[in-house]
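Novice: Below is a structure I'd like to ask you about.
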Amino acid sequence: MFDLKYVIEHKLCMGCGLCAIDPEVNGMTYSRKNDCNIPVNKFLDENSLASKVCPGKGYSIISYGKQLYGEQHYDLNLGNYQYLTAAHTSDSSILQNASSGGVVTAILLYMLRHNVVDKVSATQFCCDRQGVHTHTFLTDSEEEVLKSQGSKYCPVDLSNLMEELHDFEGRVAIMATPCAIAGIRTIQREAPNYIKSDIVFTVANFCGGFKSFKNIKRLAEIHKVDYYNLKEFRFRGDGQPGSLRFIDNNGKVASTAYPKYVGLDGYSKMSRCFVCPDATGELADFSCGDAWIPRFQNDSHPWSMVICRNKEATELIKDMEKQGDVILKKVSKEEIIASQKINLKSKKIRQKARMVVYKMLGRGVPLFDGGYSDELSSISTECKVVIKHWLTLCAEKTGLYMCLYGYKKMNNKK
C-alpha cells in the first residue's frame with residue numbers, strides 16, 4: 001500500500017529527500033503538481049529501501065520513542081521526556097536574528113565550541129533565478145550556523161545532507177523538523193550501514209506544519225517584489241515573534257511581522273502536515289519551540305520551551321547554563337502544553353476525526369502506531385475545515401481571495 005507512488009500521488013510526500021538514499025530513486029526533481037522535490041523514480045514498491053524510510057507514510061512514533069528514551073516520563077502531547085525547561089541564549093548576537101529564544105543555535109554552537117561534535121547540520125534559504133529553495137549541509141563554521149537562523153516554513157530537501165552523512169565519518173548533530181528526524185531514525189534502523197557519521201544528538205523544532213513554495217511566491221507578489229530576483233528571504237528573525245522579509249537584488253526591502261503574514265494568501269499547509277501527530281519532535285533528543293504563555297511573553301527577553309528526552313541532552317543544556325551560554329527557568333509540563341495548545345489540540349485531540357474524514361474523502365492518510373488521542377472528536381468540525389480550506393484555495397486560484405480577505409489583512413498588518 002505505502003509504496004512511493006502512493007505517497008506521492010496522495011500528496012503525503014513532503015519533499016524531504018530521504019528516499020534518495022536508495023540508488024534506484026535516481027535523485028530528486030521538482031514537481032509542479034506537488035510543489036516540492038519528489039524522487040525521479042517513484043515506481044518503487046513497498047519493500048524498497050526508499051519506501052521503507054519514507055516518513056511521509058507515517059512511522060512508529062510510540063515504539064521508536066520507547067526504544068530511544070525508555071518509559072521514564074511520557075505524555076501524549078509531548079512524548080517521552082526527562083527534563084523540561086524554558087531557555088534563552090545569553091548571546092545578544094544570536095538573539096538579534098533568532099525567531100524566539102535562540103536556543104537551537106546556541107545548542108549547535110556550544111557543541112562545536114566544546115568539541116561535543118565535529119559538525120552540525122545547517123539549512124539556509126538560497127535565492128536565484130529559479131526563486132527560493134533550501135540547502136542543507138554539514139558545517140563546522142559558526143558563521144554558517146548563524147546564517148542558518150530562522151524558521152523554514154517550507155519543504156526542505158535533505159538529500160544533499162544524507163550524501164554528506166554517508167561520506168563523513170566524524171561526530172555530528174542534526175537539526176531538522178520532527179518528520180525529518182523520524183525519517184533519519186528509520187534510516188538508522190532500516191539501513192544501519194548507510195550513515196557513516198556518528199549522530200551524537202538530534203534537535204527538532206516544535207512544528208505545526210508548513211506550506212509549499214507557492215506560498216512564498218505569492219507572498220512575494222503581495223509584497224510587490226520579484227520572486228525571481230531575490231537576494232535574501234526569511235520567514236522569521238529579529239527576535240520574537242520576528243518578521244517575514246524579502247530583499248531583492250535592487251535593494252528593495254519588504255517585510256511583515258509574524259504571524260500577521262500567515263493569512264495573506266489562500267494556500268493551506270501541505271496535505272501531509274494536517275495528518276501528522278508529531279507536534280514536538282518526539283524522536284529528537286532536544287525539542288524546542290516558542291514559549292507562547294504570558295509568563296514569558298511579557299518578559300523583556302524572548303524565550304523558548306525546551307524538551308530534553310535523555311540524560312545526555314539534559315546534562316548538556318545544564319552545562320550550557322553553568323558556562324553562561326543560556327539562561328534557564330523551570331517550567332511544568334502543563335506550561336509547555338499551554339504554550340502550544342492550539343497546535344496540540346489540532347494534532348493530538350482532533351487528529352483521529354480528521355483522519356476518518358480524510359479516509360472518507362479518499363485522501364491519503366499515513367500510518368502511526370498511536371501518538372494521538374483515541375477518542376473521536378467532532379467529525380462535522382473536520383468536514384467544515386476541509387470545506388473551508390477548499391473554498392479558500394479556490395478563492396486564491398481565481399484571484400478572489402485578496403479581494404475578500406487579503407486587502408483587509410494587508411491593512412491590519414500596517
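Scheme for the C-alpha cells: letters A, B, ... for chains in order shown; per-chain residue numbers from 1; ligand numbers from 1 in order shown.
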Could you go through range 201-334 of chain A and tell me which residues DSSP, when run on the backbone, assigns to alpha helix (DSSP H), listing them as a PyMOL selection string?
Specialist: chain A and resi 213-222+271-274+294-297+311-322+333-334
Novice: Applying 8 Å and only C-alpha atoms, which residues near Gly56 in chain A remain after dropping the ones on its own chain fewer than 6 positions away? List them as a short mmCIF file (atom, residue, chain, number, x, y, z; two decimals) with N, CA and C atoms, in the first residue's frame.
Specialist:
data_model
loop_
_atom_site.label_atom_id
_atom_site.label_comp_id
_atom_site.auth_asym_id
_atom_site.auth_seq_id
_atom_site.Cartn_x
_atom_site.Cartn_y
_atom_site.Cartn_z
N VAL A 7 2.50 7.36 -1.97
CA VAL A 7 2.85 8.52 -1.14
C VAL A 7 2.81 9.81 -1.96
N LEU A 12 1.32 12.77 0.20
CA LEU A 12 1.93 12.54 1.51
C LEU A 12 3.42 12.85 1.48
N CYS A 13 3.95 13.08 0.29
CA CYS A 13 5.36 13.43 0.15
C CYS A 13 5.57 14.87 0.61
N MET A 14 6.61 15.08 1.42
CA MET A 14 6.93 16.41 1.93
C MET A 14 8.22 16.96 1.33
N CYS A 179 9.30 15.31 11.40
CA CYS A 179 9.16 14.21 10.44
C CYS A 179 10.50 13.83 9.83
N ARG A 272 0.10 16.47 3.95
CA ARG A 272 0.67 15.54 4.93
C ARG A 272 0.75 16.17 6.32
N PRO A 366 -1.35 8.77 6.56
CA PRO A 366 -0.18 8.00 7.00
C PRO A 366 -0.54 7.06 8.14
#
Novice: Find, counting only C-alpha atoms, the residue in A:Val331, A:Cys19, A:Ile107, A:Ile38 that gets nearest to Asp319 in chain A.
Specialist: A:Ile107
Novice: What's around Asn34 in chain A at 9 Å? Count only C-alpha atoms, leave out sequence neighbours fewer than 3 positions away in its own chain, and write the answer as a PyMOL selection string.
Specialist: chain A and resi 8-9+11+13-15+30-31+37-38+212
Novice: Restricted to N, CA, C and O atoms, what would the selected residues look like written as a compact mmCIF listing (two decimals), in the first residue's frame?
Specialist:
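Full text of part_17.txt as output:
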# COMPACT_ATOMS: atom_id res chain seq x y z
N ILE A 8 3.36 9.77 -3.16
CA ILE A 8 3.43 10.97 -3.99
C ILE A 8 2.06 11.35 -4.54
O ILE A 8 1.64 12.50 -4.47
N GLU A 9 1.35 10.37 -5.09
CA GLU A 9 0.06 10.68 -5.72
C GLU A 9 -1.00 11.08 -4.70
O GLU A 9 -1.96 11.77 -5.05
N LYS A 11 -0.25 12.87 -2.13
CA LYS A 11 0.31 14.09 -1.54
C LYS A 11 0.73 13.93 -0.09
O LYS A 11 0.53 14.81 0.75
N CYS A 13 3.95 13.08 0.29
CA CYS A 13 5.36 13.43 0.15
C CYS A 13 5.57 14.87 0.61
O CYS A 13 4.83 15.77 0.23
N MET A 14 6.61 15.08 1.42
CA MET A 14 6.93 16.41 1.93
C MET A 14 8.22 16.96 1.33
O MET A 14 8.72 17.98 1.76
N GLY A 15 8.76 16.23 0.34
CA GLY A 15 9.97 16.72 -0.32
C GLY A 15 11.22 16.62 0.51
O GLY A 15 12.18 17.35 0.26
N TYR A 30 12.11 18.65 -9.03
CA TYR A 30 10.98 19.47 -8.63
C TYR A 30 9.70 19.05 -9.36
O TYR A 30 9.70 18.82 -10.57
N SER A 31 8.62 18.93 -8.61
CA SER A 31 7.32 18.60 -9.17
C SER A 31 6.40 19.81 -9.02
O SER A 31 6.15 20.26 -7.90
N ASN A 37 10.23 18.96 -4.12
CA ASN A 37 11.04 17.96 -4.79
C ASN A 37 10.49 16.57 -4.50
O ASN A 37 10.11 16.27 -3.36
N ILE A 38 10.45 15.73 -5.52
CA ILE A 38 10.00 14.35 -5.36
C ILE A 38 11.03 13.43 -6.01
O ILE A 38 11.86 13.89 -6.81
N SER A 212 3.71 24.99 0.92
CA SER A 212 4.59 24.72 -0.21
C SER A 212 5.23 26.03 -0.70
O SER A 212 4.98 27.12 -0.17
Novice: For the interface of range 73-192 of chain A with range 41-52 of chain A (cut-off 8 Å, counting only C-alpha atoms), please tabulate each contacting residue of range 73-192 of chain A alongside its nearest pair of atoms and their separation in Å to one decimal, rows sorted by chain and increasing number, as a Markdown table.
Specialist:
| residue | atom | partner | partner_atom | distance |
| --- | --- | --- | --- | --- |
| A:Thr186 | CA | A:Lys52 | CA | 7.9 |
| A:Glu190 | CA | A:Lys52 | CA | 7.3 |
| A:Ala191 | CA | A:Leu49 | CA | 7.9 |
Novice: Which residue, A:Leu138, A:Val326, A:Met305, A:Gly150, has the smallest gap to Leu112 in chain A when you use only C-alpha atoms?
Specialist: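 With only C-alpha atoms as the atom set, the closest residue is A:Leu138.
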Novice: Using only C-alpha atoms, find the one residue out of A:Val25, A:Val104, A:Val306, A:Leu18 that sits nearest to Val156 in chain A.
Specialist: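 Of all the options, A:Leu18 lies closest to Val156 in chain A.
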Novice: Near Asn343 in chain A, within 8 Å and counting only C-alpha atoms, which residues show up once chain neighbours fewer than 3 positions away are dropped, as a ChimeraX atom specification?
Specialist: /A:208,279,340,346-347
Novice: Which neighbours of Lys211 in chain A fall inside 9 Å, counting only C-alpha atoms, when residues of the same chain fewer than 3 positions from it are skipped, and could you give them as a list in words?
Specialist: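 My reading of the contact set: Tyr153, Cys154, Pro155, Lys214, Asn215, Ile216, Tyr267, Ser268, Lys269, Met270, Ser271 and Cys273 of chain A.
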Novice: Could those selected residues go to a file with N, CA, C and O atoms, as a PDB file, in the first residue's frame?
Specialist:
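What landed in result_9.pdb:
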ATOM      1  N   TYR A 153       9.541  27.555   6.943  1.00  0.00           N
ATOM      2  CA  TYR A 153       8.165  27.064   6.800  1.00  0.00           C
ATOM      3  C   TYR A 153       7.880  26.633   5.359  1.00  0.00           C
ATOM      4  O   TYR A 153       7.004  27.174   4.690  1.00  0.00           O
ATOM      5  N   CYS A 154       8.646  25.662   4.887  1.00  0.00           N
ATOM      6  CA  CYS A 154       8.508  25.177   3.520  1.00  0.00           C
ATOM      7  C   CYS A 154       9.193  23.809   3.436  1.00  0.00           C
ATOM      8  O   CYS A 154       9.906  23.410   4.359  1.00  0.00           O
ATOM      9  N   PRO A 155       9.002  23.072   2.331  1.00  0.00           N
ATOM     10  CA  PRO A 155       9.703  21.792   2.186  1.00  0.00           C
ATOM     11  C   PRO A 155      11.217  21.984   2.193  1.00  0.00           C
ATOM     12  O   PRO A 155      11.732  22.921   1.590  1.00  0.00           O
ATOM     13  N   LYS A 214       4.611  27.620  -3.338  1.00  0.00           N
ATOM     14  CA  LYS A 214       3.635  28.555  -3.909  1.00  0.00           C
ATOM     15  C   LYS A 214       3.333  29.682  -2.930  1.00  0.00           C
ATOM     16  O   LYS A 214       3.088  30.829  -3.333  1.00  0.00           O
ATOM     17  N   ASN A 215       3.349  29.355  -1.650  1.00  0.00           N
ATOM     18  CA  ASN A 215       3.075  30.352  -0.623  1.00  0.00           C
ATOM     19  C   ASN A 215       4.120  31.463  -0.639  1.00  0.00           C
ATOM     20  O   ASN A 215       3.778  32.652  -0.567  1.00  0.00           O
ATOM     21  N   ILE A 216       5.405  31.087  -0.744  1.00  0.00           N
ATOM     22  CA  ILE A 216       6.468  32.097  -0.767  1.00  0.00           C
ATOM     23  C   ILE A 216       6.345  32.971  -2.011  1.00  0.00           C
ATOM     24  O   ILE A 216       6.478  34.202  -1.948  1.00  0.00           O
ATOM     25  N   TYR A 267      -3.356  29.796   0.446  1.00  0.00           N
ATOM     26  CA  TYR A 267      -2.743  28.472   0.452  1.00  0.00           C
ATOM     27  C   TYR A 267      -2.716  27.892   1.863  1.00  0.00           C
ATOM     28  O   TYR A 267      -2.339  28.572   2.825  1.00  0.00           O
ATOM     29  N   SER A 268      -3.103  26.639   1.974  1.00  0.00           N
ATOM     30  CA  SER A 268      -3.056  25.936   3.258  1.00  0.00           C
ATOM     31  C   SER A 268      -1.738  25.174   3.387  1.00  0.00           C
ATOM     32  O   SER A 268      -0.937  25.126   2.454  1.00  0.00           O
ATOM     33  N   LYS A 269      -1.540  24.563   4.534  1.00  0.00           N
ATOM     34  CA  LYS A 269      -0.362  23.730   4.741  1.00  0.00           C
ATOM     35  C   LYS A 269      -0.385  22.540   3.780  1.00  0.00           C
ATOM     36  O   LYS A 269      -1.417  22.185   3.221  1.00  0.00           O
ATOM     37  N   MET A 270       0.757  21.914   3.619  1.00  0.00           N
ATOM     38  CA  MET A 270       0.828  20.714   2.795  1.00  0.00           C
ATOM     39  C   MET A 270      -0.063  19.625   3.396  1.00  0.00           C
ATOM     40  O   MET A 270      -0.204  19.531   4.624  1.00  0.00           O
ATOM     41  N   SER A 271      -0.660  18.816   2.528  1.00  0.00           N
ATOM     42  CA  SER A 271      -1.655  17.828   2.964  1.00  0.00           C
ATOM     43  C   SER A 271      -1.134  16.924   4.076  1.00  0.00           C
ATOM     44  O   SER A 271      -1.843  16.642   5.044  1.00  0.00           O
ATOM     45  N   CYS A 273       0.930  17.484   6.370  1.00  0.00           N
ATOM     46  CA  CYS A 273       1.056  18.162   7.664  1.00  0.00           C
ATOM     47  C   CYS A 273      -0.230  18.109   8.480  1.00  0.00           C
ATOM     48  O   CYS A 273      -0.193  18.128   9.715  1.00  0.00           O
TER      49      CYS A 273
END
Novice: Compile the contact shell of Glu282 in chain A as a PyMOL selection string: residues with an atom at most 8 Å away, counting only C-alpha atoms, same-chain residues fewer than 2 positions apart removed.
Specialist: chain A and resi 61+65+78-80+178+278-280+284+287
